[in-house]
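Q: For reference, this is coords_24.txt, and it has compact mmCIF, C-alpha atoms.
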# COMPACT_ATOMS: atom_id res chain seq x y z
CA MET A 196 -31.77 -80.74 11.06
CA LEU A 197 -28.36 -79.33 10.12
CA GLY A 198 -27.75 -78.36 13.73
CA PHE A 199 -28.66 -81.86 14.78
CA LEU A 200 -26.22 -83.40 12.33
CA GLY A 201 -23.60 -80.83 13.36
CA MET A 202 -23.90 -82.04 16.93
CA GLY A 203 -22.85 -85.47 15.73
CA LEU A 204 -19.55 -84.10 14.44
CA LYS A 205 -18.53 -83.06 17.93
CA LEU A 206 -19.07 -86.49 19.46
CA ASP A 207 -16.23 -88.97 19.45
CA PRO A 208 -17.54 -92.42 18.52
CA LYS A 209 -14.32 -94.01 19.81
CA GLU A 210 -15.18 -92.92 23.30
CA VAL A 211 -17.44 -95.64 24.60
CA PRO A 212 -19.08 -94.41 27.80
CA SER A 213 -18.00 -96.60 30.71
CA PRO A 214 -20.74 -98.32 32.67
CA PHE A 215 -18.35 -98.49 35.65
CA ILE A 216 -18.43 -94.96 37.05
CA GLY A 217 -19.69 -95.09 40.64
CA LYS A 218 -19.60 -98.90 40.69
CA PRO A 219 -17.33 -101.08 42.85
CA THR A 220 -14.11 -102.26 41.19
CA PRO A 221 -14.32 -105.72 39.66
CA ALA A 222 -12.47 -108.10 42.00
CA PHE A 223 -9.12 -109.45 40.88
CA VAL A 224 -6.21 -111.45 42.24
CA LEU A 225 -3.17 -111.45 39.98
CA PRO A 226 0.51 -112.32 40.33
CA SER A 227 2.87 -109.40 40.71
CA LEU A 228 4.92 -108.59 37.63
CA HIS A 229 8.10 -108.28 39.65
CA ASN A 230 7.64 -111.24 41.96
CA THR A 231 5.71 -114.33 40.85
CA GLU A 232 5.38 -115.45 44.48
CA GLN A 233 3.39 -112.34 45.38
CA THR A 234 -0.19 -111.55 44.41
CA ILE A 235 -1.96 -108.24 44.09
CA ASP A 236 -5.67 -107.91 44.71
CA ASN A 237 -8.20 -105.11 44.88
CA GLU A 238 -9.02 -105.76 48.57
CA GLN A 239 -5.55 -104.81 49.76
CA LEU A 240 -6.02 -101.37 48.19
CA LEU A 241 -9.19 -100.53 50.13
CA GLY A 242 -8.76 -97.29 52.08
CA LYS A 243 -6.44 -95.85 49.46
CA VAL A 244 -7.09 -93.61 46.49
CA TRP A 245 -5.47 -95.45 43.62
CA LEU A 246 -5.08 -95.33 39.89
CA LEU A 247 -5.25 -98.51 37.86
CA ASN A 248 -3.20 -97.80 34.76
CA VAL A 249 -3.55 -100.45 32.05
CA TRP A 250 -0.38 -100.66 29.98
CA ALA A 251 1.76 -103.02 27.90
CA SER A 252 5.25 -102.94 26.47
CA TRP A 253 3.78 -103.39 22.97
CA CYS A 254 1.64 -100.27 23.37
CA VAL A 255 3.09 -97.20 21.69
CA ALA A 256 0.69 -94.69 23.26
CA CYS A 257 1.75 -95.97 26.71
CA ARG A 258 5.26 -94.79 26.00
CA GLN A 259 3.88 -91.34 25.21
CA GLU A 260 1.83 -91.33 28.42
CA HIS A 261 4.53 -92.76 30.67
CA PRO A 262 6.33 -89.53 31.69
CA LEU A 263 3.00 -88.23 33.03
CA ILE A 264 2.55 -91.36 35.17
CA THR A 265 6.10 -90.88 36.44
CA GLY A 266 5.15 -87.28 37.23
CA LEU A 267 2.21 -88.54 39.31
CA ARG A 268 4.59 -90.73 41.30
CA GLN A 269 6.81 -87.75 42.05
CA ARG A 270 3.84 -85.85 43.48
CA GLU A 271 2.93 -88.81 45.71
CA ALA A 272 -0.69 -87.80 45.27
CA LEU A 273 -2.07 -91.32 45.05
CA THR A 274 -1.19 -95.02 44.82
CA LEU A 275 -0.25 -96.12 41.33
CA VAL A 276 -1.14 -99.65 40.29
CA GLY A 277 -0.12 -100.88 36.86
CA LEU A 278 -2.09 -103.56 35.08
CA ASN A 279 0.34 -105.12 32.67
CA TYR A 280 -2.06 -106.31 29.97
CA LYS A 281 -1.41 -109.27 27.66
CA ASP A 282 2.32 -108.83 27.76
CA GLU A 283 5.45 -110.95 28.06
CA ARG A 284 6.96 -110.68 31.52
CA ASN A 285 10.49 -110.13 30.24
CA ASP A 286 9.41 -107.51 27.69
CA ALA A 287 7.51 -105.66 30.40
CA LEU A 288 10.45 -105.70 32.83
CA GLN A 289 12.80 -104.53 30.10
CA TRP A 290 10.40 -101.73 29.19
CA LEU A 291 10.31 -100.54 32.83
CA LYS A 292 14.08 -100.61 33.00
CA GLN A 293 14.23 -98.43 29.92
CA PHE A 294 11.43 -95.96 30.71
CA ASP A 295 11.35 -95.97 34.55
CA ASP A 296 9.04 -97.73 36.94
CA PRO A 297 6.69 -95.30 38.69
CA TYR A 298 4.23 -97.95 39.97
CA HIS A 299 3.69 -98.98 43.60
CA HIS A 300 2.35 -102.34 42.43
CA ILE A 301 2.09 -104.00 39.04
CA ALA A 302 -0.38 -106.80 38.42
CA PHE A 303 0.44 -109.20 35.60
CA ASP A 304 -2.62 -109.98 33.44
CA LEU A 305 -1.18 -112.45 30.96
CA ASN A 306 -4.37 -113.58 29.22
CA GLY A 307 -6.30 -110.32 29.60
CA ASP A 308 -9.11 -111.75 31.77
CA VAL A 309 -8.98 -108.91 34.27
CA GLY A 310 -8.88 -106.51 31.31
CA ILE A 311 -12.20 -107.96 30.13
CA ASP A 312 -13.67 -107.60 33.65
CA TYR A 313 -12.73 -103.91 33.56
CA GLY A 314 -14.15 -103.45 30.07
CA VAL A 315 -10.76 -102.55 28.65
CA TYR A 316 -10.89 -102.31 24.87
CA GLY A 317 -7.63 -100.55 24.16
CA VAL A 318 -4.41 -99.64 25.93
CA PRO A 319 -3.73 -97.36 27.73
CA GLU A 320 -6.79 -96.97 29.88
CA SER A 321 -6.90 -95.78 33.49
CA PHE A 322 -9.38 -96.03 36.33
CA LEU A 323 -9.39 -93.79 39.40
CA ILE A 324 -10.66 -95.67 42.45
CA ASP A 325 -11.74 -94.13 45.77
CA LYS A 326 -11.09 -95.35 49.32
CA GLN A 327 -14.32 -97.35 49.32
CA GLY A 328 -13.17 -99.22 46.23
CA ARG A 329 -15.50 -97.51 43.76
CA ILE A 330 -14.46 -96.41 40.29
CA ARG A 331 -14.87 -92.65 40.05
CA PHE A 332 -13.18 -91.72 36.77
CA LYS A 333 -12.04 -93.47 33.64
CA GLN A 334 -9.49 -92.26 31.14
CA ILE A 335 -9.66 -93.86 27.70
CA GLY A 336 -6.42 -93.52 25.78
CA PRO A 337 -3.28 -91.79 27.05
CA PHE A 338 -3.46 -89.07 29.68
CA THR A 339 -2.49 -85.57 28.66
CA ALA A 340 -0.98 -82.95 30.98
CA ASP A 341 -4.24 -80.98 30.75
CA ILE A 342 -6.41 -83.92 31.76
CA ILE A 343 -4.11 -84.68 34.69
CA ASN A 344 -3.97 -81.10 35.94
CA GLN A 345 -7.55 -80.07 35.29
CA GLN A 346 -9.47 -83.28 35.92
CA LEU A 347 -7.46 -86.00 37.62
CA LEU A 348 -5.58 -84.11 40.33
CA PRO A 349 -8.56 -82.03 41.57
CA LEU A 350 -10.61 -85.23 41.76
CA VAL A 351 -7.79 -87.03 43.59
CA ALA A 352 -7.67 -84.21 46.15
CA GLN A 353 -11.43 -84.49 46.60
CA LEU A 354 -11.28 -88.29 47.00
CA GLN A 355 -8.40 -88.06 49.48
CA ALA A 356 -10.61 -85.83 51.64
CA GLU A 357 -13.48 -88.33 51.53
CA PRO A 358 -13.64 -91.01 54.24
CA MET B 43 11.96 -110.63 -34.68
CA ASN B 44 13.72 -107.39 -34.05
CA LEU B 45 14.69 -105.95 -30.71
CA ILE B 46 11.75 -103.57 -30.42
CA THR B 47 9.07 -106.20 -30.97
CA ARG B 48 10.84 -108.55 -28.59
CA ALA B 49 10.86 -105.87 -25.90
CA PHE B 50 7.19 -105.23 -26.63
CA HIS B 51 6.35 -108.91 -26.21
CA ALA B 52 8.23 -109.13 -22.93
CA GLN B 53 6.38 -106.09 -21.69
CA TRP B 54 3.06 -107.51 -22.79
CA ARG B 55 3.76 -110.77 -20.94
CA ALA B 56 4.65 -108.86 -17.76
CA LEU B 57 1.48 -106.80 -18.06
CA ARG B 58 -0.64 -109.91 -18.48
CA LEU B 59 0.92 -111.35 -15.36
CA VAL B 60 0.16 -108.20 -13.37
CA PHE B 61 -3.43 -108.04 -14.59
CA GLY B 62 -3.89 -111.69 -13.84
CA ALA B 63 -2.64 -111.20 -10.31
CA ILE B 64 -4.94 -108.22 -9.79
CA ILE B 65 -7.97 -110.14 -11.04
CA ILE B 66 -7.20 -113.11 -8.81
CA ALA B 67 -6.60 -110.82 -5.83
CA THR B 68 -9.96 -109.09 -6.29
CA LEU B 69 -11.79 -112.39 -6.64
CA LEU B 70 -10.24 -114.00 -3.58
CA PRO B 71 -12.18 -112.15 -0.87
CA SER B 72 -15.49 -113.08 -2.50
CA LEU B 73 -14.78 -116.76 -2.08
CA PRO B 74 -16.53 -118.17 0.94
CA THR B 75 -14.00 -117.50 3.69
CA SER B 76 -14.71 -116.88 7.32
CA ALA B 77 -12.89 -114.51 9.66
CA VAL B 78 -13.43 -116.89 12.54
CA ILE B 79 -10.42 -119.12 12.67
CA GLU B 80 -11.00 -120.85 15.97
CA GLN B 81 -12.38 -124.33 15.92
CA TYR B 82 -14.91 -124.75 18.69
CA SER B 83 -16.77 -127.91 19.56
CA PHE B 84 -20.18 -127.81 21.18
CA GLU B 85 -22.13 -130.38 23.13
CA ASN B 86 -25.31 -129.75 21.20
CA ALA B 87 -26.78 -127.80 18.32
CA GLN B 88 -28.55 -125.25 20.56
CA GLN B 89 -25.25 -124.21 22.12
CA GLU B 90 -23.62 -123.80 18.76
CA GLN B 91 -26.57 -121.79 17.51
CA LEU B 92 -26.52 -119.57 20.60
CA TYR B 93 -22.78 -119.00 20.17
CA GLN B 94 -23.13 -118.16 16.50
CA SER B 95 -25.98 -115.73 17.07
CA MET B 96 -24.26 -114.07 20.05
CA ILE B 97 -21.04 -113.30 18.19
CA LYS B 98 -23.11 -111.75 15.41
CA GLU B 99 -24.97 -109.49 17.84
CA LEU B 100 -22.00 -108.32 19.87
CA ARG B 101 -19.93 -105.43 18.64
CA CYS B 102 -16.17 -105.51 18.42
CA LEU B 103 -15.13 -102.54 20.57
CA VAL B 104 -11.87 -101.97 18.72
CA CYS B 105 -13.23 -101.99 15.17
CA GLN B 106 -16.63 -100.59 15.89
CA ASN B 107 -18.40 -101.35 12.67
CA GLN B 108 -17.77 -105.06 12.89
CA ASN B 109 -19.33 -107.68 15.09
CA LEU B 110 -17.31 -110.24 17.01
CA ALA B 111 -17.85 -112.82 14.29
CA ASP B 112 -16.26 -110.68 11.58
CA SER B 113 -13.39 -109.19 13.51
CA ASN B 114 -9.85 -110.43 13.71
CA ALA B 115 -8.88 -108.01 16.46
CA ASP B 116 -7.25 -109.52 19.51
CA LEU B 117 -9.98 -108.33 21.83
CA ALA B 118 -12.67 -109.78 19.55
CA LYS B 119 -10.88 -113.12 19.73
CA ASP B 120 -10.82 -112.92 23.53
CA LEU B 121 -14.48 -112.02 23.66
CA ARG B 122 -15.36 -114.89 21.30
CA ASN B 123 -13.48 -117.17 23.69
CA LYS B 124 -15.40 -115.72 26.61
CA THR B 125 -18.69 -116.18 24.76
CA TYR B 126 -17.79 -119.77 23.96
CA GLU B 127 -16.86 -120.40 27.57
CA MET B 128 -20.15 -118.95 28.79
CA VAL B 129 -22.22 -120.84 26.23
CA THR B 130 -20.65 -124.18 27.08
CA THR B 131 -21.04 -123.63 30.80
CA GLY B 132 -24.75 -123.25 30.28
CA ASN B 133 -25.30 -119.48 30.36
CA SER B 134 -28.39 -118.09 28.66
CA ARG B 135 -28.50 -115.43 25.96
CA LYS B 136 -29.52 -112.86 28.54
CA GLU B 137 -26.72 -113.81 30.93
CA ILE B 138 -24.10 -113.44 28.21
CA ALA B 139 -25.54 -110.11 27.03
CA ASP B 140 -25.66 -108.82 30.64
CA PHE B 141 -22.04 -109.89 31.18
CA MET B 142 -20.92 -107.88 28.15
CA VAL B 143 -23.11 -104.84 28.91
CA ALA B 144 -21.82 -104.71 32.52
CA ARG B 145 -18.30 -104.34 31.12
CA TYR B 146 -18.64 -102.45 27.86
CA GLY B 147 -22.02 -100.71 28.18
CA ASP B 148 -25.06 -100.87 25.92
CA PHE B 149 -22.80 -99.97 23.03
CA VAL B 150 -21.57 -103.56 22.80
CA LEU B 151 -25.03 -104.64 21.61
CA TYR B 152 -25.90 -104.10 17.99
CA ARG B 153 -29.54 -103.82 19.08
CA PRO B 154 -29.39 -101.29 21.91
CA PRO B 155 -32.15 -101.43 24.53
CA VAL B 156 -34.64 -98.58 24.82
CA ASN B 157 -33.67 -96.33 27.73
CA SER B 158 -33.20 -92.64 28.45
CA SER B 159 -29.83 -92.35 26.70
CA THR B 160 -30.95 -94.23 23.59
CA ALA B 161 -34.40 -92.62 23.36
CA LEU B 162 -33.19 -90.10 20.78
CA LEU B 163 -31.73 -92.94 18.72
CA TRP B 164 -34.97 -94.90 18.73
CA PHE B 165 -37.53 -92.12 18.46
CA GLY B 166 -35.54 -89.27 16.84
CA PRO B 167 -36.40 -90.32 13.28
CA PHE B 168 -40.13 -90.39 14.10
CA VAL B 169 -39.90 -86.92 15.62
CA PHE B 170 -38.30 -85.63 12.43
CA LEU B 171 -40.91 -87.41 10.32
CA ALA B 172 -43.71 -85.83 12.37
CA LEU B 173 -42.08 -82.40 11.96
CA ALA B 174 -41.83 -82.88 8.19
CA LEU B 175 -45.48 -83.96 7.98
CA LEU B 176 -46.57 -80.97 10.05
CA ILE B 177 -44.68 -78.57 7.79
CA ALA B 178 -46.04 -80.25 4.67
CA TRP B 179 -49.56 -80.09 6.04
CA ARG B 180 -49.19 -76.36 6.75
CA ILE B 181 -47.85 -75.71 3.27
CA ILE B 182 -50.77 -77.51 1.69
CA ARG B 183 -53.28 -75.70 3.88
CA ARG B 184 -51.83 -72.26 3.12
CA ARG B 185 -51.59 -73.00 -0.59
CA ARG B 186 -55.32 -73.58 -0.60
CA GLN B 187 -55.84 -70.19 1.02
CA GLY B 188 -53.61 -68.32 -1.45
CA THR B 189 -51.05 -65.64 -0.34
CA ALA B 190 -48.04 -67.47 -1.68
CA LEU B 191 -45.37 -64.96 -0.66
CA GLN B 192 -46.51 -64.80 2.95
CA ASP B 193 -46.45 -68.60 2.97
CA ILE B 194 -42.77 -68.85 2.26
CA GLN B 195 -42.02 -66.41 5.05
CA ASP B 196 -44.17 -68.38 7.47
CA ILE B 197 -42.71 -71.72 6.50
CA LYS B 198 -39.21 -70.42 7.08
CA LEU B 199 -40.21 -69.17 10.51
CA ASP B 200 -41.99 -72.41 11.33
CA ALA B 201 -39.00 -74.48 10.36
CA GLN B 202 -36.66 -72.30 12.40
CA HIS B 203 -38.91 -72.51 15.45
CA ALA B 204 -39.33 -76.23 15.08
CA ALA B 205 -35.59 -76.82 14.69
CA ARG B 206 -34.76 -74.65 17.68
CA ALA B 207 -37.43 -76.23 19.81
CA ALA B 208 -36.25 -79.71 18.82
CA LEU B 209 -32.63 -78.94 19.63
CA GLN B 210 -33.21 -77.08 22.88
CA GLY B 211 -36.39 -78.76 24.03
CA GLU B 212 -37.86 -75.39 24.96
CA SER B 213 -39.57 -72.42 23.46
CA PRO B 214 -37.14 -70.14 21.63
CA ALA B 215 -39.01 -67.05 22.82
CA GLU B 216 -37.96 -67.53 26.43
CA ASN B 217 -34.23 -67.16 26.10
CA HIS B 218 -34.17 -65.04 23.00
CA GLN B 219 -32.63 -61.69 23.72
CA ASN B 220 -33.31 -58.76 21.52
CA PRO B 221 -30.53 -56.22 21.02
CA SER B 222 -33.06 -53.49 21.78
CA ASN B 223 -33.91 -54.68 25.30
CA LYS B 224 -30.33 -55.27 26.32
CA ASP B 225 -29.24 -52.89 29.05
Go ahead and express the file in the form of structure tokens.
A:
Amino acid sequence: MLGFLGMGLKLDPKEVPSPFIGKPTPAFVLPSLHNTEQTIDNEQLLGKVWLLNVWASWCVACRQEHPLITGLRQREALTLVGLNYKDERNDALQWLKQFDDPYHHIAFDLNGDVGIDYGVYGVPESFLIDKQGRIRFKQIGPFTADIINQQLLPLVAQLQAEP
Amino acid sequence: MNLITRAFHAQWRALRLVFGAIIIATLLPSLPTSAVIEQYSFENAQQEQLYQSMIKELRCLVCQNQNLADSNADLAKDLRNKTYEMVTTGNSRKEIADFMVARYGDFVLYRPPVNSSTALLWFGPFVFLALALLIAWRIIRRRRQGTALQDIQDIKLDAQHAARAALQGESPAENHQNPSNKD
């Protein structure tokens, strides 16, 4: 009985298991953060291994995570797509100016509808998507260097090798 | 009135004020207030009822021990909006629940469905109850036969075996390694 209760201590109740792993990405079409004339959608990313990184300028943990995302850009290991979640356009642009802009594309999700479709319940969250457009990995909360080196990058290498 | 008593009176008045404020502050939350600020209008009573029951059954993912109805979190507000939208466009209870589960998993439901990952949650307590009854039954049976000291030893062993078996789902004898037969 004690052992059973002890097991409970090790589990993190904040980590809600994602029902998305292995499933196709929810479809979205959103305006680009940088250019209101342009749109970004999931279809145009088919055939690429990409990371959907949900962030906002009001999110403190995103600031902590940001250098790691910039590090991913420097490696050119995969396509980085930002989902700017429930943010003000000007705040977001200012934030990128201040902290660097590592993203290939940034989709602007003003009212958080796409966030709901992806089951986002906090920022930051990240989804790794394979060439077929399936979600293969989800990070809840900010990345750490360990998670990137030990989990994300090996998986990216594996997905890049897949058709 | 001398200076000391005047100071005392002033202090007493200030104290009364503070106590008064504390009492009022503690009473306030018990007044009938609702966390739901939005004003929604519904076409009919069934829709309103469905909406009200849905937001009570759906969990707020940010503040996990609250339902959508009680929570003031931003996401809860968005999900209430979504629920309202789905109710007024004629979605059923099941359709709304499926929509939420597809995005947030079974966890979003306060009444999780029975499946392989929730089996322990649903049946665990009964397993423990059965174990307790079994142990109690053994104690009673042995008591009747006497040999009290041996009983305690046996009960301890039984409990250990049962706990191990319950945790590992297999017989403890199989993977138990004795120091003596280690090479």
Q: Kindly determine which residues of chain B lie within 6 Å of chain A, considering all atoms listed in the file, and give the answer as a count of residues only.
A: 3
Q: Which is closest to Ala256 in chain A among A:Asp341, A:Glu320, A:Asp282, A:Asp296, if we use all atoms listed in the file?
A: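 Among the listed residues, A:Glu320 lies closest to Ala256 in chain A.
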Q: What is the distance between CA of Val169 in chain B and CA of Asp148 in chain B, in Å to one decimal?
A: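 Computing the Euclidean distance for CA of Val169 in chain B and CA of Asp148 in chain B yields 22.8 Å.
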Q: Near His300 in chain A, within 8 Å and counting all atoms listed in the file, which residues show up once chain neighbours fewer than 5 positions away are dropped, as a PyMOL selection string?
A: chain A and resi 227+235+275-277
Q: If we count all atoms listed in the file and set the cut-off at 6 Å, which residues sit around Ala302 in chain A, ignoring sequence neighbours fewer than 6 positions away in its own chain? Please answer as a list of chain:residue names.
A: A:Leu225, A:Pro226, A:Ser227, A:Leu228, A:Leu278
Q: List as a PDB file with C-alpha atoms, keeping the file's coordinate frame the residues having at least one atom at most 7 Å from position (-20.5, -113.8, 18.6) as given in the file, counting all atoms listed in the file.
A:
ATOM      1  CA  TYR B  93     -22.780-119.000  20.170  1.00  0.00           C
ATOM      2  CA  GLN B  94     -23.130-118.160  16.500  1.00  0.00           C
ATOM      3  CA  SER B  95     -25.980-115.730  17.070  1.00  0.00           C
ATOM      4  CA  MET B  96     -24.260-114.070  20.050  1.00  0.00           C
ATOM      5  CA  ILE B  97     -21.040-113.300  18.190  1.00  0.00           C
ATOM      6  CA  LYS B  98     -23.110-111.750  15.410  1.00  0.00           C
ATOM      7  CA  GLU B  99     -24.970-109.490  17.840  1.00  0.00           C
ATOM      8  CA  LEU B 100     -22.000-108.320  19.870  1.00  0.00           C
ATOM      9  CA  LEU B 110     -17.310-110.240  17.010  1.00  0.00           C
ATOM     10  CA  ALA B 111     -17.850-112.820  14.290  1.00  0.00           C
ATOM     11  CA  ARG B 122     -15.360-114.890  21.300  1.00  0.00           C
ATOM     12  CA  THR B 125     -18.690-116.180  24.760  1.00  0.00           C
TER      13      THR B 125
END
Q: So how far away is CA of Arg329 in chain A from CA of Asp120 in chain B, in Å?
A: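 Going from CA of Asp120 in chain B over to CA of Arg329 in chain A, I get 25.9 Å.
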Q: I'd like the interatomic distance between CA of Ala205 in chain B and CA of Trp179 in chain B, to a tenth of an Å.
A: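 A separation of 16.8 Å between them.
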Q: Would you please work out which residue, of A:Ile335, A:Leu267, A:Leu273, A:Leu347, is nearest to Val244 in chain A when using all atoms listed in the file?
A: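 Closest candidate: A:Leu273.
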Q: Which polymer residues, whether protein, DNA or RNA, lie within 12 Å of the coordinate (-28.0, -112.2, 25.8) when you count all atoms listed in the file? List them as a PDB file with C-alpha atoms, keeping the file's coordinate frame, using the chain letters and numbers from the file.
A:
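The new file result_15.pdb reads:
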ATOM      1  CA  LEU B  92     -26.520-119.570  20.600  1.00  0.00           C
ATOM      2  CA  TYR B  93     -22.780-119.000  20.170  1.00  0.00           C
ATOM      3  CA  SER B  95     -25.980-115.730  17.070  1.00  0.00           C
ATOM      4  CA  MET B  96     -24.260-114.070  20.050  1.00  0.00           C
ATOM      5  CA  ILE B  97     -21.040-113.300  18.190  1.00  0.00           C
ATOM      6  CA  LYS B  98     -23.110-111.750  15.410  1.00  0.00           C
ATOM      7  CA  GLU B  99     -24.970-109.490  17.840  1.00  0.00           C
ATOM      8  CA  LEU B 100     -22.000-108.320  19.870  1.00  0.00           C
ATOM      9  CA  THR B 125     -18.690-116.180  24.760  1.00  0.00           C
ATOM     10  CA  MET B 128     -20.150-118.950  28.790  1.00  0.00           C
ATOM     11  CA  VAL B 129     -22.220-120.840  26.230  1.00  0.00           C
ATOM     12  CA  ASN B 133     -25.300-119.480  30.360  1.00  0.00           C
ATOM     13  CA  SER B 134     -28.390-118.090  28.660  1.00  0.00           C
ATOM     14  CA  ARG B 135     -28.500-115.430  25.960  1.00  0.00           C
ATOM     15  CA  LYS B 136     -29.520-112.860  28.540  1.00  0.00           C
ATOM     16  CA  GLU B 137     -26.720-113.810  30.930  1.00  0.00           C
ATOM     17  CA  ILE B 138     -24.100-113.440  28.210  1.00  0.00           C
ATOM     18  CA  ALA B 139     -25.540-110.110  27.030  1.00  0.00           C
ATOM     19  CA  ASP B 140     -25.660-108.820  30.640  1.00  0.00           C
ATOM     20  CA  PHE B 141     -22.040-109.890  31.180  1.00  0.00           C
ATOM     21  CA  MET B 142     -20.920-107.880  28.150  1.00  0.00           C
ATOM     22  CA  VAL B 143     -23.110-104.840  28.910  1.00  0.00           C
ATOM     23  CA  ALA B 144     -21.820-104.710  32.520  1.00  0.00           C
ATOM     24  CA  ASP B 148     -25.060-100.870  25.920  1.00  0.00           C
ATOM     25  CA  VAL B 150     -21.570-103.560  22.800  1.00  0.00           C
ATOM     26  CA  LEU B 151     -25.030-104.640  21.610  1.00  0.00           C
ATOM     27  CA  TYR B 152     -25.900-104.100  17.990  1.00  0.00           C
ATOM     28  CA  ARG B 153     -29.540-103.820  19.080  1.00  0.00           C
ATOM     29  CA  PRO B 154     -29.390-101.290  21.910  1.00  0.00           C
ATOM     30  CA  PRO B 155     -32.150-101.430  24.530  1.00  0.00           C
TER      31      PRO B 155
END
Q: Smallest atom-to-atom distance to Leu173 in chain B: which of B:Ala52, B:Ile65, B:Val104, B:Ala204, using all atoms listed in the file?
A: B:Ala204
Q: Taking only C-alpha atoms into account, which of A:Val255, A:Ala356, A:Leu247, A:Leu305 comes nearest Leu323 in chain A?
A: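 Of all the options, A:Leu247 lies closest to Leu323 in chain A.
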Q: Using the file's own x, y and z axes, what box holds all listed atoms of range 278-294 of chain A with 8 Å on each side, keeping edges along x, y and z, and what are its centre and edge lengths in Å to one decimal, as lines of an AutoDock Vina configuration file?
A:
center_x = 6.1
center_y = -103.5
center_z = 31.4
size_x = 32.3
size_y = 31.0
size_z = 23.4
